[in-house]
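See below for the structure under consideration.
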Protein chains: 4
Amino acid sequence: MAAKLASSRYGKGEVKVKKVTRHKDYHELIDFAVSVYCEGDFTDAHLKGDNSAVLPTDTQRNTIYILAKDHPLDSIESFGIFLSDHLLKANTQFTSVQVEIAQNIWERIPVNGKKHPTTYRKAGQEQWLTAVHRTHDSLAVQSGIRDLEILKTTDSGFSDFKVDDFTTLKDTDDRVLNTVLKSIWPYKSTDVDFAKERQTIQTTLLDAFAGHKSLSVQHTLYAMGEQVLAKTKAIDSISLEMPNVHNLLFDLSRFNRENKSEIFHVTEEPYGIITGVVSR
Amino acid sequence: MAAKLASSRYGKGEVKVKKVTRHKDYHELIDFAVSVYCEGDFTDAHLKGDNSAVLPTDTQRNTIYILAKDHPLDSIESFGIFLSDHLLKANTQFTSVQVEIAQNIWERIPVNGKKHPTTYRKAGQEQWLTAVHRTHDSLAVQSGIRDLEILKTTDSGFSDFKVDDFTTLKDTDDRVLNTVLKSIWPYKSTDVDFAKERQTIQTTLLDAFAGHKSLSVQHTLYAMGEQVLAKTKAIDSISLEMPNVHNLLFDLSRFNRENKSEIFHVTEEPYGIITGVVSR
Amino acid sequence: MAAKLASSRYGKGEVKVKKVTRHKDYHELIDFAVSVYCEGDFTDAHLKGDNSAVLPTDTQRNTIYILAKDHPLDSIESFGIFLSDHLLKANTQFTSVQVEIAQNIWERIPVNGKKHPTTYRKAGQEQWLTAVHRTHDSLAVQSGIRDLEILKTTDSGFSDFKVDDFTTLKDTDDRVLNTVLKSIWPYKSTDVDFAKERQTIQTTLLDAFAGHKSLSVQHTLYAMGEQVLAKTKAIDSISLEMPNVHNLLFDLSRFNRENKSEIFHVTEEPYGIITGVVSR
Amino acid sequence: MAAKLASSRYGKGEVKVKKVTRHKDYHELIDFAVSVYCEGDFTDAHLKGDNSAVLPTDTQRNTIYILAKDHPLDSIESFGIFLSDHLLKANTQFTSVQVEIAQNIWERIPVNGKKHPTTYRKAGQEQWLTAVHRTHDSLAVQSGIRDLEILKTTDSGFSDFKVDDFTTLKDTDDRVLNTVLKSIWPYKSTDVDFAKERQTIQTTLLDAFAGHKSLSVQHTLYAMGEQVLAKTKAIDSISLEMPNVHNLLFDLSRFNRENKSEIFHVTEEPYGIITGVVSR
């Protein structure tokens with residue numbers, strides 16, 4: 001049986017851009033990395049080495065910087081829409097283009113109680129995400145956040161779980177709950193105020209996490225998704241990944257001391273995998 | 001509209017195991033990390049905090065170490081089958097279990113021309129992979145490799161590609177081709193000599209890469225997949241990810257020197273994304 | 001010539017501790033990693049395998065968790081002093097103990113405009129540092145910060161530098177200045193309000209960075225050190241490492257566009273190495 | 001008291017070079033990263049922003065690529081000597097130059113039992129190191145290796161150590177010994193066959209590790225250093241860092257199984273810190 005090309009995808013990964021917009025009173029800084037994935041019929045490139053349908057990934061890199069100049073960059077979502085539109089229109093040999101963007105967050109440094117107009121510090125480890133998928137007759141945008149590390153020192157337990165011969169875990173009604181949140185939400189339409197929706201969703205995720213009386217990570221994950229869906233009409237579902245980063249009580253009883261949920265040792269691996277999608 | 005749980009998955013990530021089998025004349029060392037993902041109806045856990053269907057991920061961790069003792073560990077594939085079988089039989093509330101294993105490769109250190117029986121060194125950066133997916137009436141195994149960095153100093157070009165207004169890349173008929181290979185191959189059946197098949201596939205991937213006159217990364221990717229399919233009947237398709245790690249000629253002409261494909265600077269980001277699936 | 005042990009040092013690295021202090025109205029969270037280095041005459045351990053003078057590193061780990069319980073942990077500096085005191089007194093065979101601590105910074109999540117009492121997010125990538133070095137008759141404390149990424153979008157130039165045959169860089173009077181600051185400051189005495197001094201020094205570093213008209217990274221580094229020394233009497237010198245993270249103008253002139261310090265591409269490697277010590 | 005510049009150092013970090021030497025029958029590939037550190041009187045640069053004595057780090061980067069073309073690159077040590085010589089002679093304002101090089105190791109892929117002439121794979125995680133320090137009247141070279149992960153499955157114990165109130169560790173006469181070796185050796189002279197010496201030293205380190213009946217990591221570290229000094233006259237001392245990577249017996253007795261040094265769980269942090277210098 002002869003071989004054939006079942007599918008293929010190519011593009012450019014991790015094109016890092018900073019754009020500085022020089023307003024009169026202050027500067028805006030936007031810092032992001034773009035990856036582009038293109039699909040189409042690339043059979044001749046793969047089987048014959050015929051590159052005539054292959055737009056070089058180097059050109060894709062140039063295109064990202066050029067369009068970053070041409071676009072106001074009010075949001076990574078609108079830039080992703082703009083970039084995918086250009087790439088697909090200029091390349092009818094592509095059947096689809098996916099643009100993925102991860103934004104780093106900077107904040108202006110406070111000096112004497114006021115934000116300095118042109119000086120910044122990295123604000124955290126989290127990244128804001130978007131993925132724009134476009135074909136010649138469809139357009140879909142989803143957004144998200146990752147690497148947002150959050151922690152509750154109380155209102156978290158885990159008990160009455162299934163027990164088998166290999167179970168050694170004990171019930172607990174007060175533990176530290178620590179996770180590194182990743183969440184993705186597909187927009188129902190692209191006619192959305194992306195910045196405002198992101199603000200609403202991210203604030204709600206944190207509020208829900210803070211306020212929840214957690215009986216398990218699953219329990220809190222659901223509550224977070226549910227509250228987001230109650231706050232916005234722009235999405236119909238949200239996925240959450242909330243790895244359970246284990247902070248374990250150090251056994252001080254061996255040393256004549258009591259550990260009343262005070263001293264924890266941290267083990268980054270292994271970790272609990274907890275994921276779910278909440279929808280209407 | 002009320003919220004509901006659309007889907008969920010949980011388990012344990014990165015459980016690191018070393019097993020030493022103490023033969024009379026030498027020791028065997030197998031070093032691997034296991035992640036387990038369980039699916040089922042966990043609505044009550046998410047909505048009510050009812051954990052009665054939730055086997056703790058800590059128990060899953062215990063189970064991995066216990067079964068690593070009970071199993072000969074002749075291959076990560078056979079261990080994945082054994083572990084998924086145990087977990088699914090012991091937990092009828094699960095609808096599926098996925099076991100993912102990544103193996104680190106060690107080699108016995110040569111001393112005076114002979115392999116030392118009990119001393120090892122890490123053999124490389126690459127990891128051998130398997131993923132076993134099991135439901136109550138199905139079983140699927142796929143295997144793979146990742147982080148295998150390979151390079152050709154000749155027989156690689158890229159020319160006659162599509163040019164647009166944003167293209168600055170020049171044709172080249174002799175460049176360095178450098179990639180970090182990831183490949184995944186699903187087995188048609190689980191009645192396979194996994195170790196022998198892996199050996200055949202990995203050797204063929206390298207042979208094909210070495211022997212190919214490359215007109216593009218896509219061209220070489222396809223040739224590698226095609227040659228693997230010609231060498232084994234155990235699989236019907238293979239996916240390959242071959243990021244194009246750019247080694248660029250440093251422009252020495254500015255300094256009265258010629259650079260005949262000799263001096264390269266390396267940029268790890270951005271990189272070309274090149275992926276494809278070759279099938280029968 | 002026979003071999004001898006010229007020097008040796010041993011201890012425990014990266015012992016990760018979280019301590020939660022449960023006040024009535026809110027919880028305090030302190031998150032840090034401790035490394036301990038012990039020196040002494042360990043000749044018999046090395047030459048004969050006589051471990052009688054070797055306190056196991058596992059015991060050192062236990063000691064860190066036990067003393068974290070016994071100590072208020074008002075600062076990592078005071079904990080380092082407490083821990084080094086215990087280790088050296090309990091181990092007269094040690095000639096010195098060095099304790100190094102790196103603290104992760106968490107902030108309480110704002111909910112409805114008020115800090116939630118028991119819920120936290122990671123505040124950034126930077127870590128606060130201390131190193132306490134103690135012998136039987138001396139004690140020295142230095143503190144610092146690392147991985148603090150900061151950036152100026154203007155007031156930074158680099159020109160009139162030395163030029164030779166291999167120079168291609170052009171003068172610039174307006175570039176992005178981007179660095180990942182590491183700074184270390186040795187305290188003159190240990191009778192110091194460590195938390196207050198850290199606050200003063202860190203604020204001054206940022207203020208000086210923001211306010212400086214930079215003619216080079218070296219120029220700004222010196223200004224930062226100078227201003228810190230003017231603000232506190234607790235230290236007599238400060239070292240700064242300010243790698244120059246290159247954000248380069250993307251050449252848009254090739255595409256009929258002007259780039260007025262607006263669009264930058266980022267290259268993380270190579271980077272400029274800029275370090276200095278400013279003292280009185 | 002006025003501030004002053006106590007010391008400073010600047011240069012370029014992580015300049016990544018690949019050089020391909022195209023012999024008739026095969027190609028040679030050398031892959032390395034260079035960092036350069038320059039010292040001198042840079043007071044005016046720091047205090048006044050006067051850059052006239054500052055050779056741009058960008059020029060240093062150019063110089064590395066240009067000299068990589070001009071030099072045979074038979075060893076990273078000889079290239080470091082060549083590069084430091086150029087930099088110091090061309091810049092009399094420098095008082096010293098330090099060149100640090102880390103080499104990645106590639107091996108030619110075997111095809112049908114023979115090494116392919118022009119195709120390579122990364123050979124492991126370890127890097128070969130050198131540091132060349134030069135002033136206007138001195139030259140010193142040291143070399144080394146790092147990230148060499150090695151492991152013994154037997155002939156390793158740790159017992160009869162010091163016990164205190166906080167000790168819970170038990171004696172063991174058979175454990176897994178696992179470390180990630182870093183070693184540095186200063187050469188007595190620069191009139192040395194660097195490639196041959198490296199070969200001798202690295203082989204001896206592995207042979208000694210394999211052959212040793214270890215009573216502690218310290219014990220093995222010393223034996224390795226001692227055997228190296230017995231094998232070569234080119235060095236008078238060698239430093240070794242051998243972190244104790246803990247592979248701990250998983251307690252299977254809770255599950256009616258015996259663990260005869262067979263099943264280990266791995267914890268990467270914390271780890272034992274074990275360092276020493278062996279000299280004549």
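Chains: A, B, ... in order of the structure tokens. Residues: from 1 per chain. Ligands: from 1, in order shown.
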Do you have, as CSV, the list of residues of chain B lying at most 6 Å from chain D, each with its nearest atom pair and that distance in Å to one decimal, counting only C-alpha atoms and ordered by chain then number?
residue,atom,partner,partner_atom,distance
B:Lys16,CA,D:Val266,CA,5.8
B:Val17,CA,D:His265,CA,5.1
B:Lys18,CA,D:Phe264,CA,5.1
B:Lys19,CA,D:Ile263,CA,4.8
B:Val20,CA,D:Glu262,CA,4.8
B:Val111,CA,D:Asp207,CA,5.9
B:Thr118,CA,D:Thr153,CA,5.5
B:Thr119,CA,D:Lys152,CA,4.5
B:Tyr120,CA,D:Leu151,CA,5.1
B:Arg121,CA,D:Ile150,CA,4.3
B:Lys122,CA,D:Glu149,CA,5.6
B:Ala123,CA,D:Gly124,CA,5.7
B:Gly124,CA,D:Gly124,CA,3.8
B:Gln125,CA,D:Gly124,CA,5.9
B:Glu149,CA,D:Lys122,CA,5.6
B:Ile150,CA,D:Arg121,CA,4.3
B:Leu151,CA,D:Tyr120,CA,5.1
B:Lys152,CA,D:Thr119,CA,4.5
B:Thr153,CA,D:Thr118,CA,5.5
B:Asp207,CA,D:Val111,CA,5.9
B:Ala210,CA,D:Thr119,CA,5.6
B:Glu262,CA,D:Val20,CA,4.8
B:Ile263,CA,D:Lys19,CA,4.8
B:Phe264,CA,D:Lys18,CA,5.1
B:His265,CA,D:Val17,CA,5.1
B:Val266,CA,D:Lys16,CA,5.8
Residues from last step as file, N, CA and C atoms, as a PDB file, in the first residue's frame:
ATOM      1  N   LYS B  16       7.019   9.905  39.070  1.00  0.00           N
ATOM      2  CA  LYS B  16       8.333   9.487  38.594  1.00  0.00           C
ATOM      3  C   LYS B  16       8.771   8.192  39.277  1.00  0.00           C
ATOM      4  N   VAL B  17       9.105   7.204  38.464  1.00  0.00           N
ATOM      5  CA  VAL B  17       9.441   5.862  38.951  1.00  0.00           C
ATOM      6  C   VAL B  17      10.799   5.456  38.404  1.00  0.00           C
ATOM      7  N   LYS B  18      11.637   4.898  39.252  1.00  0.00           N
ATOM      8  CA  LYS B  18      12.779   4.119  38.754  1.00  0.00           C
ATOM      9  C   LYS B  18      12.602   2.687  39.256  1.00  0.00           C
ATOM     10  N   LYS B  19      12.795   1.714  38.359  1.00  0.00           N
ATOM     11  CA  LYS B  19      12.778   0.307  38.754  1.00  0.00           C
ATOM     12  C   LYS B  19      14.126  -0.312  38.418  1.00  0.00           C
ATOM     13  N   VAL B  20      14.725  -0.967  39.406  1.00  0.00           N
ATOM     14  CA  VAL B  20      15.999  -1.654  39.217  1.00  0.00           C
ATOM     15  C   VAL B  20      15.738  -3.157  39.321  1.00  0.00           C
ATOM     16  N   VAL B 111      33.570   0.656  30.812  1.00  0.00           N
ATOM     17  CA  VAL B 111      34.808   0.719  31.598  1.00  0.00           C
ATOM     18  C   VAL B 111      35.761  -0.307  30.994  1.00  0.00           C
ATOM     19  N   THR B 118      26.536  -2.236  36.606  1.00  0.00           N
ATOM     20  CA  THR B 118      25.603  -1.554  37.520  1.00  0.00           C
ATOM     21  C   THR B 118      25.772  -0.033  37.549  1.00  0.00           C
ATOM     22  N   THR B 119      26.434   0.532  36.540  1.00  0.00           N
ATOM     23  CA  THR B 119      26.651   1.982  36.523  1.00  0.00           C
ATOM     24  C   THR B 119      26.176   2.559  35.187  1.00  0.00           C
ATOM     25  N   TYR B 120      25.476   3.677  35.288  1.00  0.00           N
ATOM     26  CA  TYR B 120      24.740   4.214  34.141  1.00  0.00           C
ATOM     27  C   TYR B 120      25.027   5.691  33.923  1.00  0.00           C
ATOM     28  N   ARG B 121      24.841   6.122  32.679  1.00  0.00           N
ATOM     29  CA  ARG B 121      24.761   7.544  32.392  1.00  0.00           C
ATOM     30  C   ARG B 121      23.517   7.817  31.549  1.00  0.00           C
ATOM     31  N   LYS B 122      22.969   9.031  31.721  1.00  0.00           N
ATOM     32  CA  LYS B 122      21.833   9.463  30.900  1.00  0.00           C
ATOM     33  C   LYS B 122      22.294   9.484  29.449  1.00  0.00           C
ATOM     34  N   ALA B 123      21.498   8.866  28.565  1.00  0.00           N
ATOM     35  CA  ALA B 123      21.994   8.654  27.205  1.00  0.00           C
ATOM     36  C   ALA B 123      21.721   9.811  26.266  1.00  0.00           C
ATOM     37  N   GLY B 124      20.800  10.699  26.600  1.00  0.00           N
ATOM     38  CA  GLY B 124      20.475  11.786  25.687  1.00  0.00           C
ATOM     39  C   GLY B 124      19.310  12.554  26.252  1.00  0.00           C
ATOM     40  N   GLN B 125      18.817  13.490  25.463  1.00  0.00           N
ATOM     41  CA  GLN B 125      17.691  14.291  25.936  1.00  0.00           C
ATOM     42  C   GLN B 125      16.352  13.683  25.531  1.00  0.00           C
ATOM     43  N   GLU B 149      17.077  15.616  19.074  1.00  0.00           N
ATOM     44  CA  GLU B 149      17.621  16.702  18.243  1.00  0.00           C
ATOM     45  C   GLU B 149      18.596  16.145  17.217  1.00  0.00           C
ATOM     46  N   ILE B 150      18.339  16.446  15.948  1.00  0.00           N
ATOM     47  CA  ILE B 150      19.124  15.923  14.834  1.00  0.00           C
ATOM     48  C   ILE B 150      19.445  17.049  13.853  1.00  0.00           C
ATOM     49  N   LEU B 151      20.459  16.820  13.030  1.00  0.00           N
ATOM     50  CA  LEU B 151      20.999  17.905  12.199  1.00  0.00           C
ATOM     51  C   LEU B 151      21.718  17.330  10.991  1.00  0.00           C
ATOM     52  N   LYS B 152      21.527  17.961   9.835  1.00  0.00           N
ATOM     53  CA  LYS B 152      22.260  17.628   8.607  1.00  0.00           C
ATOM     54  C   LYS B 152      23.077  18.853   8.199  1.00  0.00           C
ATOM     55  N   THR B 153      24.323  18.650   7.870  1.00  0.00           N
ATOM     56  CA  THR B 153      25.157  19.785   7.469  1.00  0.00           C
ATOM     57  C   THR B 153      25.133  20.010   5.964  1.00  0.00           C
ATOM     58  N   ASP B 207      17.633   6.849   9.723  1.00  0.00           N
ATOM     59  CA  ASP B 207      18.199   6.503   8.412  1.00  0.00           C
ATOM     60  C   ASP B 207      17.615   7.386   7.315  1.00  0.00           C
ATOM     61  N   ALA B 210      18.934  10.932   7.507  1.00  0.00           N
ATOM     62  CA  ALA B 210      20.334  10.998   7.057  1.00  0.00           C
ATOM     63  C   ALA B 210      20.431  10.892   5.538  1.00  0.00           C
ATOM     64  N   GLU B 262      29.914  27.931   6.665  1.00  0.00           N
ATOM     65  CA  GLU B 262      30.848  27.493   7.686  1.00  0.00           C
ATOM     66  C   GLU B 262      30.465  27.996   9.083  1.00  0.00           C
ATOM     67  N   ILE B 263      30.117  29.288   9.182  1.00  0.00           N
ATOM     68  CA  ILE B 263      29.869  29.906  10.488  1.00  0.00           C
ATOM     69  C   ILE B 263      28.392  30.289  10.585  1.00  0.00           C
ATOM     70  N   PHE B 264      27.706  29.716  11.587  1.00  0.00           N
ATOM     71  CA  PHE B 264      26.270  29.932  11.747  1.00  0.00           C
ATOM     72  C   PHE B 264      25.970  30.532  13.120  1.00  0.00           C
ATOM     73  N   HIS B 265      25.004  31.445  13.142  1.00  0.00           N
ATOM     74  CA  HIS B 265      24.461  31.836  14.443  1.00  0.00           C
ATOM     75  C   HIS B 265      23.095  31.167  14.598  1.00  0.00           C
ATOM     76  N   VAL B 266      22.772  30.866  15.822  1.00  0.00           N
ATOM     77  CA  VAL B 266      21.609  30.054  16.125  1.00  0.00           C
ATOM     78  C   VAL B 266      20.568  30.939  16.796  1.00  0.00           C
TER      79      VAL B 266
END
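By only C-alpha atoms, and with residues fewer than 4 positions from D:His133 along its chain excluded, the set lying at most 8 Å from it is Ser84, Ser96, Val97, Gln98, Val99, Leu139, Ala140 and Val141 of chain D.
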Using only all heavy atoms, please write the residues we just selected to a file, as an mmCIF file, in the first residue's frame.
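The resulting selection_5.cif:
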data_model
loop_
_atom_site.group_PDB
_atom_site.id
_atom_site.type_symbol
_atom_site.label_atom_id
_atom_site.label_comp_id
_atom_site.auth_asym_id
_atom_site.auth_seq_id
_atom_site.Cartn_x
_atom_site.Cartn_y
_atom_site.Cartn_z
ATOM 1 N N SER D 84 40.611 35.693 23.547
ATOM 2 C CA SER D 84 41.003 36.603 24.638
ATOM 3 C C SER D 84 42.230 37.413 24.231
ATOM 4 O O SER D 84 42.360 38.586 24.585
ATOM 5 C CB SER D 84 41.273 35.810 25.923
ATOM 6 O OG SER D 84 42.390 34.952 25.753
ATOM 7 N N SER D 96 41.581 43.054 32.076
ATOM 8 C CA SER D 96 41.483 41.601 31.914
ATOM 9 C C SER D 96 40.295 41.257 31.038
ATOM 10 O O SER D 96 39.338 42.029 30.930
ATOM 11 C CB SER D 96 41.342 40.881 33.254
ATOM 12 O OG SER D 96 40.002 40.955 33.716
ATOM 13 N N VAL D 97 40.392 40.090 30.419
ATOM 14 C CA VAL D 97 39.276 39.520 29.650
ATOM 15 C C VAL D 97 39.092 38.081 30.110
ATOM 16 O O VAL D 97 40.066 37.332 30.237
ATOM 17 C CB VAL D 97 39.577 39.561 28.138
ATOM 18 C CG1 VAL D 97 38.555 38.744 27.360
ATOM 19 C CG2 VAL D 97 39.595 41.002 27.638
ATOM 20 N N GLN D 98 37.841 37.704 30.381
ATOM 21 C CA GLN D 98 37.535 36.301 30.672
ATOM 22 C C GLN D 98 36.598 35.797 29.578
ATOM 23 O O GLN D 98 35.556 36.412 29.299
ATOM 24 C CB GLN D 98 36.871 36.184 32.050
ATOM 25 C CG GLN D 98 36.276 34.805 32.324
ATOM 26 C CD GLN D 98 36.751 34.174 33.605
ATOM 27 O OE1 GLN D 98 37.725 34.600 34.221
ATOM 28 N NE2 GLN D 98 36.075 33.135 34.021
ATOM 29 N N VAL D 99 36.978 34.676 28.981
ATOM 30 C CA VAL D 99 36.145 34.029 27.961
ATOM 31 C C VAL D 99 35.646 32.715 28.533
ATOM 32 O O VAL D 99 36.444 31.888 28.975
ATOM 33 C CB VAL D 99 36.951 33.772 26.670
ATOM 34 C CG1 VAL D 99 36.136 32.947 25.682
ATOM 35 C CG2 VAL D 99 37.406 35.075 26.042
ATOM 36 N N LEU D 139 47.987 34.489 31.802
ATOM 37 C CA LEU D 139 47.002 33.697 31.062
ATOM 38 C C LEU D 139 46.718 32.442 31.862
ATOM 39 O O LEU D 139 47.659 31.739 32.248
ATOM 40 C CB LEU D 139 47.575 33.324 29.682
ATOM 41 C CG LEU D 139 46.734 32.360 28.831
ATOM 42 C CD1 LEU D 139 45.390 32.966 28.453
ATOM 43 C CD2 LEU D 139 47.516 31.976 27.561
ATOM 44 N N ALA D 140 45.446 32.176 32.147
ATOM 45 C CA ALA D 140 45.077 30.980 32.903
ATOM 46 C C ALA D 140 43.904 30.305 32.218
ATOM 47 O O ALA D 140 42.955 30.969 31.798
ATOM 48 C CB ALA D 140 44.707 31.354 34.336
ATOM 49 N N VAL D 141 43.979 28.977 32.126
ATOM 50 C CA VAL D 141 42.915 28.196 31.487
ATOM 51 C C VAL D 141 42.424 27.140 32.459
ATOM 52 O O VAL D 141 43.231 26.427 33.064
ATOM 53 C CB VAL D 141 43.430 27.498 30.207
ATOM 54 C CG1 VAL D 141 42.328 26.628 29.590
ATOM 55 C CG2 VAL D 141 43.934 28.525 29.205
#
Problem set entry | B:Thr92 environment, 12 Å, only C-alpha atoms, sequence neighbours closer than 2 positions dropped, as number ranges by chain | A: 162; B: 38-41, 53-55, 85-90, 94-97, 135-136
For this session: Write out as a PyMOL selection string all residues of stretch 17-255 of chain B that backbone DSSP assigns to strand (DSSP E or B).
Result: chain B and resi 17-22+27-40+94-111+114-135+138-152+156+158+172+177-187+214+235+237-241+244-249
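The interatomic distance for the pair atom CA of A:Ser156 and atom CA of A:Asn244 works out to 12.0 Å.
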For this session: Write out as a list in words each polymer residue whose atoms come within 7 Å of D:Ser239, counting only C-alpha atoms; drop sequence neighbours fewer than 5 positions from it.
Result: Ser183, Ile184, Trp185, Gly276, Val277 and Val278 of chain D
For this session: List the neighbours of D:Ser159 out to 6 Å using only C-alpha atoms; skip same-chain residues closer than 2 positions along the sequence, and give me the result as a PyMOL selection string.
Result: chain D and resi 161+171-172
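For the pair atom CA of C:Leu205 and atom CA of C:Ile105, the separation is 17.7 Å.
Residues in contact with D:Ser189 at 12 Å, where only C-alpha atoms are counted and same-chain residues fewer than 6 positions away are skipped, are listed as Val132, Ser138, Leu139, Ala140, Val141, Gln142, Lys233, Ala234, Ile235 and Asp236 of chain D.
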Residues from last step as file, N, CA, C and O atoms, as a short mmCIF file (atom, residue, chain, number, x, y, z; two decimals), in the first residue's frame:
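Written output follows (part28.cif):
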data_model
loop_
_atom_site.label_atom_id
_atom_site.label_comp_id
_atom_site.auth_asym_id
_atom_site.auth_seq_id
_atom_site.Cartn_x
_atom_site.Cartn_y
_atom_site.Cartn_z
N VAL D 132 38.85 30.97 30.08
CA VAL D 132 40.19 31.50 29.85
C VAL D 132 40.25 32.90 30.45
O VAL D 132 39.44 33.76 30.08
N SER D 138 49.33 37.82 32.09
CA SER D 138 49.07 36.47 32.61
C SER D 138 48.00 35.80 31.76
O SER D 138 47.22 36.47 31.09
N LEU D 139 47.99 34.49 31.80
CA LEU D 139 47.00 33.70 31.06
C LEU D 139 46.72 32.44 31.86
O LEU D 139 47.66 31.74 32.25
N ALA D 140 45.45 32.18 32.15
CA ALA D 140 45.08 30.98 32.90
C ALA D 140 43.90 30.31 32.22
O ALA D 140 42.95 30.97 31.80
N VAL D 141 43.98 28.98 32.13
CA VAL D 141 42.92 28.20 31.49
C VAL D 141 42.42 27.14 32.46
O VAL D 141 43.23 26.43 33.06
N GLN D 142 41.11 27.08 32.63
CA GLN D 142 40.54 25.93 33.34
C GLN D 142 39.46 25.33 32.45
O GLN D 142 38.84 26.02 31.65
N LYS D 233 49.41 14.73 34.82
CA LYS D 233 50.30 15.71 35.44
C LYS D 233 49.91 17.14 35.07
O LYS D 233 50.51 18.10 35.54
N ALA D 234 48.90 17.28 34.21
CA ALA D 234 48.58 18.61 33.68
C ALA D 234 47.83 19.49 34.67
O ALA D 234 47.75 20.71 34.48
N ILE D 235 47.30 18.89 35.72
CA ILE D 235 46.55 19.67 36.71
C ILE D 235 47.04 19.31 38.11
O ILE D 235 47.57 18.23 38.34
N ASP D 236 46.84 20.24 39.03
CA ASP D 236 47.21 20.01 40.43
C ASP D 236 46.01 19.97 41.35
O ASP D 236 46.15 19.70 42.54
#
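Excluding B:Phe42 and any residue on its chain fewer than 5 positions from it, the residues at most 9 Å away by only C-alpha atoms are A:Gln218, B:Leu5, B:Ser7, B:Ser8, B:Arg9, B:Leu47, B:Asp50, B:Asn51, B:Ala53, B:Val54, B:Gln93.
The coordinates place atom CA of B:Leu229 at 18.8 Å from atom CA of B:Leu129.
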For this session: Write out as a PyMOL selection string all residues of stretch 29-186 of chain A that DSSP puts in helix (DSSP H, G or I) for this structure's backbone.
Result: chain A and resi 43-48+57-70+76-90
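Distance annotation: of B:Leu181, B:Ala131, B:Val217, B:Met242, the residue with the minimal separation from B:Tyr37 is B:Ala131; atom set is only C-alpha atoms.
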